[in-house]
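Visitor: Please find target-v3.cif (mmCIF, C-alpha atoms and all ligand atoms) on the next line:
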```
data_target
#
loop_
_atom_site.label_atom_id
_atom_site.label_comp_id
_atom_site.auth_asym_id
_atom_site.auth_seq_id
_atom_site.Cartn_x
_atom_site.Cartn_y
_atom_site.Cartn_z
CA MET A 1 0.00 0.00 0.00
CA ARG A 2 1.63 3.25 -1.08
CA LYS A 3 2.02 6.05 1.42
CA LYS A 4 0.31 9.42 1.35
CA ILE A 5 3.10 11.96 1.79
CA VAL A 6 3.12 15.73 2.18
CA ALA A 7 6.61 17.26 1.99
CA GLY A 8 7.51 20.91 2.58
CA ASN A 9 10.45 22.33 0.66
CA TRP A 10 11.51 25.48 2.50
CA LYS A 11 14.14 26.25 -0.18
CA MET A 12 16.46 29.13 0.82
CA ASN A 13 14.00 30.70 3.25
CA LYS A 14 13.96 31.31 7.04
CA ASN A 15 16.73 32.30 9.41
CA CYS A 16 17.60 30.23 12.49
CA ASP A 17 14.89 31.69 14.76
CA GLU A 18 12.25 31.57 12.03
CA ALA A 19 13.06 27.96 11.19
CA GLU A 20 12.71 27.04 14.85
CA GLU A 21 9.44 28.94 15.12
CA LEU A 22 8.01 27.16 12.08
CA VAL A 23 8.98 23.66 13.18
CA VAL A 24 7.61 24.27 16.69
CA GLN A 25 4.33 25.58 15.24
CA LEU A 26 4.08 22.43 13.10
CA VAL A 27 4.89 20.05 15.94
CA VAL A 28 2.36 21.72 18.25
CA GLY A 29 -0.25 22.12 15.50
CA LEU A 30 -0.02 18.50 14.36
CA LYS A 31 -0.01 16.98 17.84
CA ASN A 32 -3.30 15.17 18.40
CA LEU A 33 -4.60 16.42 15.04
CA ASP A 34 -6.67 13.95 13.08
CA HIS A 35 -5.42 13.50 9.50
CA ASN A 36 -4.88 10.74 6.94
CA THR A 37 -1.38 11.67 5.75
CA ASP A 38 1.09 8.84 6.40
CA GLU A 39 4.28 10.89 6.28
CA ILE A 40 4.99 14.60 6.75
CA VAL A 41 8.47 15.48 5.48
CA LEU A 42 10.21 18.77 6.26
CA CYS A 43 13.02 19.90 3.93
CA PRO A 44 14.66 22.87 5.68
CA PRO A 45 17.89 24.52 4.54
CA ALA A 46 20.84 22.22 5.36
CA LEU A 47 22.05 24.59 8.08
CA PHE A 48 18.90 23.92 10.12
CA LEU A 49 18.47 20.22 9.27
CA GLN A 50 19.89 18.87 12.51
CA ASP A 51 17.83 21.19 14.70
CA VAL A 52 14.61 20.49 12.77
CA THR A 53 15.30 16.75 12.92
CA LEU A 54 15.75 16.91 16.70
CA LYS A 55 12.59 19.00 17.13
CA ILE A 56 10.41 16.47 15.27
CA SER A 57 12.03 13.38 16.76
CA ASN A 58 9.14 12.70 19.17
CA SER A 59 6.38 13.52 16.68
CA SER A 60 4.65 10.68 14.95
CA LYS A 61 4.63 10.64 11.14
CA MET A 62 7.17 13.49 10.89
CA TYR A 63 10.46 13.06 9.01
CA SER A 64 13.18 15.38 7.76
CA SER A 65 14.91 15.71 4.43
CA SER A 66 17.82 17.52 2.90
CA GLN A 67 17.09 19.60 -0.21
CA ASN A 68 20.10 18.16 -2.03
CA CYS A 69 23.12 15.93 -1.52
CA HIS A 70 26.48 15.69 -3.24
CA THR A 71 27.53 12.97 -5.68
CA HIS A 72 30.59 12.06 -3.58
CA GLU A 73 30.70 10.69 -0.04
CA SER A 74 33.44 13.07 1.13
CA GLY A 75 36.41 15.02 -0.14
CA ALA A 76 37.58 18.38 -1.42
CA TYR A 77 34.20 19.83 -2.39
CA THR A 78 34.09 23.15 -0.56
CA GLY A 79 30.61 24.22 0.47
CA GLU A 80 28.97 20.90 -0.33
CA ILE A 81 27.04 18.47 1.89
CA SER A 82 27.26 14.69 1.61
CA ALA A 83 24.64 11.99 2.04
CA LYS A 84 26.71 10.62 4.91
CA MET A 85 26.45 13.95 6.75
CA ILE A 86 22.71 14.17 6.11
CA LYS A 87 22.22 10.65 7.45
CA SER A 88 24.41 11.39 10.47
CA VAL A 89 22.07 14.13 11.73
CA GLY A 90 19.13 11.73 11.60
CA ALA A 91 17.39 12.82 8.40
CA THR A 92 15.35 10.22 6.52
CA TYR A 93 15.18 11.64 2.99
CA THR A 94 16.98 13.82 0.51
CA LEU A 95 15.45 15.61 -2.44
CA VAL A 96 17.29 14.89 -5.69
CA GLY A 97 16.75 16.66 -8.99
CA HIS A 98 14.66 19.66 -8.01
CA SER A 99 14.18 21.77 -11.14
CA GLU A 100 15.85 24.76 -9.49
CA ARG A 101 19.01 22.71 -8.99
CA ARG A 102 18.79 21.27 -12.50
CA MET A 103 18.55 24.84 -13.83
CA TYR A 104 20.88 26.89 -11.60
CA ASN A 105 23.44 24.17 -10.85
CA HIS A 106 23.34 22.47 -14.23
CA GLU A 107 22.54 19.07 -12.73
CA SER A 108 22.26 16.51 -15.52
CA ASP A 109 20.27 13.27 -15.45
CA GLU A 110 23.58 11.38 -15.21
CA MET A 111 24.76 13.45 -12.23
CA LEU A 112 21.41 12.87 -10.54
CA ALA A 113 21.78 9.11 -11.05
CA THR A 114 25.04 9.31 -9.10
CA LYS A 115 23.41 11.39 -6.35
CA VAL A 116 20.63 8.81 -6.07
CA ASN A 117 23.21 6.03 -5.73
CA THR A 118 25.17 7.89 -3.05
CA ALA A 119 22.02 8.75 -1.10
CA LEU A 120 20.73 5.17 -1.13
CA ALA A 121 24.16 3.73 -0.30
CA ASN A 122 24.17 5.90 2.82
CA GLY A 123 20.74 4.80 3.98
CA LEU A 124 18.70 7.80 2.83
CA LYS A 125 15.43 7.58 0.97
CA VAL A 126 15.11 9.80 -2.11
CA ILE A 127 12.36 12.14 -3.22
CA PHE A 128 13.23 12.33 -6.90
CA CYS A 129 11.89 15.40 -8.72
CA CYS A 130 10.99 15.45 -12.40
CA GLY A 131 8.95 17.75 -14.61
CA GLU A 132 8.77 19.57 -17.90
CA SER A 133 9.07 23.22 -18.94
CA LEU A 134 6.19 25.13 -20.51
CA ASP A 135 7.76 24.82 -23.97
CA ILE A 136 7.88 21.05 -23.68
CA ARG A 137 4.32 20.94 -22.34
CA ASN A 138 3.13 23.08 -25.27
CA SER A 139 4.96 20.86 -27.75
CA GLY A 140 3.01 17.86 -26.44
CA ASN A 141 6.16 15.94 -25.52
CA HIS A 142 5.73 16.22 -21.74
CA VAL A 143 5.17 12.54 -21.07
CA SER A 144 8.20 11.34 -23.00
CA PHE A 145 10.35 14.11 -21.48
CA VAL A 146 9.46 13.14 -17.91
CA THR A 147 9.72 9.39 -18.46
CA THR A 148 13.15 9.92 -20.02
CA GLN A 149 14.25 11.83 -16.90
CA LEU A 150 13.13 8.86 -14.79
CA GLN A 151 14.77 6.32 -17.07
CA ASN A 152 18.10 8.17 -17.13
CA SER A 153 18.39 8.74 -13.39
CA LEU A 154 16.54 5.83 -11.78
CA PHE A 155 16.18 2.80 -14.03
CA HIS A 156 19.62 1.40 -13.19
CA LEU A 157 18.32 0.72 -9.66
CA SER A 158 17.49 -2.76 -8.42
CA ASP A 159 13.93 -3.55 -7.31
CA SER A 160 14.96 -3.37 -3.65
CA ASP A 161 16.69 0.00 -4.08
CA PHE A 162 13.76 1.39 -6.04
CA LYS A 163 11.48 0.77 -3.05
CA ASN A 164 13.29 3.68 -1.34
CA ILE A 165 12.31 6.14 -4.07
CA VAL A 166 9.41 8.60 -3.95
CA ILE A 167 8.67 10.48 -7.18
CA ALA A 168 7.69 14.16 -7.18
CA TYR A 169 6.17 15.34 -10.46
CA GLU A 170 6.71 19.08 -10.58
CA PRO A 171 5.90 20.82 -13.86
CA ILE A 172 8.37 23.72 -13.99
CA TRP A 173 5.69 26.09 -15.27
CA ALA A 174 3.72 25.53 -12.06
CA ILE A 175 6.53 26.00 -9.53
CA GLY A 176 6.23 29.27 -7.64
CA THR A 177 4.06 30.74 -10.40
CA GLY A 178 0.61 30.45 -8.86
CA VAL A 179 -0.38 28.40 -11.93
CA THR A 180 -1.32 24.89 -10.82
CA ALA A 181 -1.63 21.91 -13.11
CA SER A 182 -5.28 21.03 -13.53
CA THR A 183 -6.42 17.86 -11.80
CA GLU A 184 -6.66 16.24 -15.26
CA GLN A 185 -3.10 17.27 -16.17
CA ALA A 186 -1.76 16.01 -12.85
CA GLN A 187 -3.66 12.71 -12.99
CA GLU A 188 -2.66 12.11 -16.63
CA MET A 189 1.05 12.53 -15.87
CA HIS A 190 0.96 10.58 -12.62
CA ALA A 191 -0.80 7.68 -14.35
CA GLU A 192 1.77 7.77 -17.18
CA ILE A 193 4.61 7.77 -14.65
CA ARG A 194 3.10 4.80 -12.82
CA LYS A 195 2.62 2.93 -16.10
CA PHE A 196 6.24 3.62 -17.00
CA LEU A 197 7.46 2.41 -13.60
CA ALA A 198 5.39 -0.76 -14.06
CA SER A 199 7.07 -1.42 -17.42
CA LYS A 200 10.42 -1.60 -15.66
CA TYR A 201 9.70 -2.74 -12.09
CA GLY A 202 6.33 -4.51 -12.46
CA GLN A 203 2.85 -3.45 -11.39
CA ALA A 204 3.27 -4.29 -7.69
CA ILE A 205 6.27 -1.99 -7.19
CA ALA A 206 4.68 0.72 -9.35
CA ASP A 207 1.49 0.53 -7.28
CA ASP A 208 3.52 0.84 -4.07
CA THR A 209 5.47 3.92 -5.25
CA SER A 210 4.24 7.26 -3.93
CA ILE A 211 4.00 9.90 -6.67
CA LEU A 212 3.68 13.44 -5.30
CA TYR A 213 2.50 16.53 -7.16
CA GLY A 214 4.39 19.82 -6.79
CA GLY A 215 3.71 23.24 -8.25
CA SER A 216 1.67 25.99 -6.56
CA CYS A 217 -0.20 23.47 -4.44
CA ASN A 218 -2.01 25.33 -1.66
CA PRO A 219 -4.79 24.87 0.92
CA LYS A 220 -7.42 25.74 -1.71
CA ASN A 221 -6.44 23.23 -4.41
CA ALA A 222 -4.80 20.41 -2.42
CA LYS A 223 -7.99 18.45 -1.73
CA GLU A 224 -8.94 18.22 -5.39
CA LEU A 225 -5.40 17.31 -6.49
CA PHE A 226 -5.00 14.69 -3.75
CA SER A 227 -8.34 13.11 -4.67
CA GLN A 228 -6.90 11.94 -8.01
CA THR A 229 -6.24 8.19 -8.20
CA ASP A 230 -2.52 8.46 -8.85
CA VAL A 231 -1.71 11.58 -6.81
CA ASP A 232 -0.30 10.38 -3.49
CA GLY A 233 0.44 13.74 -1.92
CA GLY A 234 2.44 16.86 -2.58
CA LEU A 235 5.83 18.50 -2.54
CA ILE A 236 4.95 21.97 -1.34
CA GLY A 237 7.13 25.07 -1.70
CA GLY A 238 5.67 28.47 -0.80
CA ALA A 239 2.69 27.14 1.17
CA SER A 240 4.99 25.08 3.42
CA LEU A 241 6.46 28.27 4.91
CA VAL A 242 3.27 29.13 6.79
CA ALA A 243 2.37 26.55 9.43
CA SER A 244 -1.42 26.94 9.14
CA ASP A 245 -1.31 26.56 5.33
CA PHE A 246 0.93 23.50 5.48
CA ILE A 247 -1.24 21.88 8.15
CA SER A 248 -4.33 22.56 6.08
CA ILE A 249 -2.67 20.80 3.09
CA ILE A 250 -1.77 17.85 5.36
CA GLN A 251 -5.48 17.62 6.23
CA SER A 252 -6.48 17.52 2.56
CA PHE A 253 -6.59 13.71 2.19
C1 LIG B 1 8.74 23.35 -5.19
O1 LIG B 1 9.63 24.16 -5.35
O2 LIG B 1 9.01 22.16 -4.98
C2 LIG B 1 7.36 23.83 -5.26
C3 LIG B 1 6.41 22.97 -5.52
O3 LIG B 1 7.15 25.18 -5.08
P1 LIG B 1 5.74 25.94 -4.99
O4 LIG B 1 4.81 25.10 -4.14
O5 LIG B 1 6.06 27.25 -4.35
O6 LIG B 1 5.24 26.07 -6.38
#
```
Output the file's structure as structure tokens, nothing else.
Guide:
Amino acid sequence: MRKKIVAGNWKMNKNCDEAEELVVQLVVGLKNLDHNTDEIVLCPPALFLQDVTLKISNSSKMYSSSQNCHTHESGAYTGEISAKMIKSVGATYTLVGHSERRMYNHESDEMLATKVNTALANGLKVIFCCGESLDIRNSGNHVSFVTTQLQNSLFHLSDSDFKNIVIAYEPIWAIGTGVTASTEQAQEMHAEIRKFLASKYGQAIADDTSILYGGSCNPKNAKELFSQTDVDGGLIGGASLVASDFISIIQSF
């Protein structure tokens, strides 16, 4: 049975006090709250990952994630953060392949395949992001573009490794723009992704893989998006920075 997951990507937002305030508001707000989300994942800036991880350690269903990890386990890579370090502070997940990193840091599918390997080898689970630009969507090639991203970065994995992967479909044209994919657009792509996963890993593994939607998901549209058969939750950017909005999205299943 695949999990319903709501993940909050704080990106490069919040200072130390603000990050603490947000995580405390979430812990308090979610305590004793009735909801059907199986996992709530917080992705703070790396600087605050250890503190956030400690603050959620006694909260049920709450996990932490890095926003990125390096391809190498250690070495002369000034300013970088390794999967081993992320694991050592108690985080459960790392994001890999967010479109902002693909764009600003020139992360290729091949590089992301190496990041996935390093993350899994160090005991992290991976939320793997994929998604097309508006040009590709308008050309009608969105499904083949996204499935190629998945093939290039994930399809070398064994069945047992693949079970530690969560997919986040995030159309680039919907990220931070206020333009959300329609429920039909989201469901179509999620179903295509699941079909593609089944072609490689079989229907059982595909059915067990959580596929999250990301892109201007907010308290107003989350319920409708999450009601789609193949939408198993969300990767939330802007709306994860306000505790009441994020909690409302968590309650949208
Ligand atoms: C994201 O960056 O992963 C994201 C989905 O952002 P937003 O919700 O702000 O569109």
Visitor: Give the residues close to ligand LIG 1 (chain B), within 10 Å, counting only C-alpha atoms and all ligand atoms; write them as an mmCIF file with C-alpha atoms, keeping the file's coordinate frame.
Guide:
```cif
data_model
loop_
_atom_site.group_PDB
_atom_site.id
_atom_site.type_symbol
_atom_site.label_atom_id
_atom_site.label_comp_id
_atom_site.auth_asym_id
_atom_site.auth_seq_id
_atom_site.Cartn_x
_atom_site.Cartn_y
_atom_site.Cartn_z
ATOM 1 C CA ALA A 7 6.610 17.260 1.990
ATOM 2 C CA GLY A 8 7.510 20.910 2.580
ATOM 3 C CA ASN A 9 10.450 22.330 0.660
ATOM 4 C CA TRP A 10 11.510 25.480 2.500
ATOM 5 C CA LYS A 11 14.140 26.250 -0.180
ATOM 6 C CA GLN A 67 17.090 19.600 -0.210
ATOM 7 C CA LEU A 95 15.450 15.610 -2.440
ATOM 8 C CA HIS A 98 14.660 19.660 -8.010
ATOM 9 C CA SER A 99 14.180 21.770 -11.140
ATOM 10 C CA GLU A 100 15.850 24.760 -9.490
ATOM 11 C CA CYS A 129 11.890 15.400 -8.720
ATOM 12 C CA ALA A 168 7.690 14.160 -7.180
ATOM 13 C CA TYR A 169 6.170 15.340 -10.460
ATOM 14 C CA GLU A 170 6.710 19.080 -10.580
ATOM 15 C CA PRO A 171 5.900 20.820 -13.860
ATOM 16 C CA ILE A 172 8.370 23.720 -13.990
ATOM 17 C CA TRP A 173 5.690 26.090 -15.270
ATOM 18 C CA ALA A 174 3.720 25.530 -12.060
ATOM 19 C CA ILE A 175 6.530 26.000 -9.530
ATOM 20 C CA GLY A 176 6.230 29.270 -7.640
ATOM 21 C CA THR A 177 4.060 30.740 -10.400
ATOM 22 C CA GLY A 178 0.610 30.450 -8.860
ATOM 23 C CA VAL A 179 -0.380 28.400 -11.930
ATOM 24 C CA THR A 180 -1.320 24.890 -10.820
ATOM 25 C CA LEU A 212 3.680 13.440 -5.300
ATOM 26 C CA TYR A 213 2.500 16.530 -7.160
ATOM 27 C CA GLY A 214 4.390 19.820 -6.790
ATOM 28 C CA GLY A 215 3.710 23.240 -8.250
ATOM 29 C CA SER A 216 1.670 25.990 -6.560
ATOM 30 C CA CYS A 217 -0.200 23.470 -4.440
ATOM 31 C CA ASN A 218 -2.010 25.330 -1.660
ATOM 32 C CA GLY A 234 2.440 16.860 -2.580
ATOM 33 C CA LEU A 235 5.830 18.500 -2.540
ATOM 34 C CA ILE A 236 4.950 21.970 -1.340
ATOM 35 C CA GLY A 237 7.130 25.070 -1.700
ATOM 36 C CA GLY A 238 5.670 28.470 -0.800
ATOM 37 C CA ALA A 239 2.690 27.140 1.170
ATOM 38 C CA SER A 240 4.990 25.080 3.420
ATOM 39 C CA LEU A 241 6.460 28.270 4.910
#
```
Visitor: Grab the CA of Thr78 in chain A to CA of Arg101 in chain A distance for me, in Å with one decimal place.
Guide: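 These atoms are spaced 17.3 Å apart.
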Visitor: Hey, which bits of range 146-225 of chain A sit within 12 Å of range 245-248 of chain A, and for each residue what's the closest pair of atoms and how far apart in Å (one decimal), counting all atoms listed in the file, rows by chain and increasing number, as a tab-separated table?
Guide:
```
residue	atom	partner	partner_atom	distance
A:Cys217	CA	A:Phe246	CA	10.0
A:Asn218	CA	A:Asp245	CA	7.1
A:Pro219	CA	A:Ser248	CA	5.7
A:Lys220	CA	A:Ser248	CA	9.0
A:Asn221	CA	A:Ser248	CA	10.7
A:Ala222	CA	A:Ser248	CA	8.8
A:Lys223	CA	A:Ser248	CA	9.6
```
Visitor: Hey, can you check how far CA of Arg137 in chain A sits from CA of Asp208 in chain A?
Guide: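 Atom-to-atom, CA of Arg137 in chain A to CA of Asp208 in chain A, that is 27.2 Å.
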Visitor: Centre and edge lengths, as JSON, for the axis-aligned box enclosing every listed atom of range 41-57 of chain A with 6 Å of padding on each of the six sides, in Å to one decimal?
Guide:
```
{"center_x": 15.3, "center_y": 19.0, "center_z": 10.5, "size_x": 25.6, "size_y": 23.2, "size_z": 25.2}
```
Visitor: Pick from A:Thr94, A:Thr114, A:Thr148, A:Ser227: nearest to Asn164 in chain A, with only C-alpha atoms counted?
Guide: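 Selected residue with least distance to Asn164 in chain A: A:Thr94.
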Visitor: A:Lys125, A:His106, A:Lys163, A:Lys31: which is nearest Ile86 in chain A, counting only C-alpha atoms?
Guide: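 Closest to Ile86 in chain A, using only C-alpha atoms: A:Lys125.
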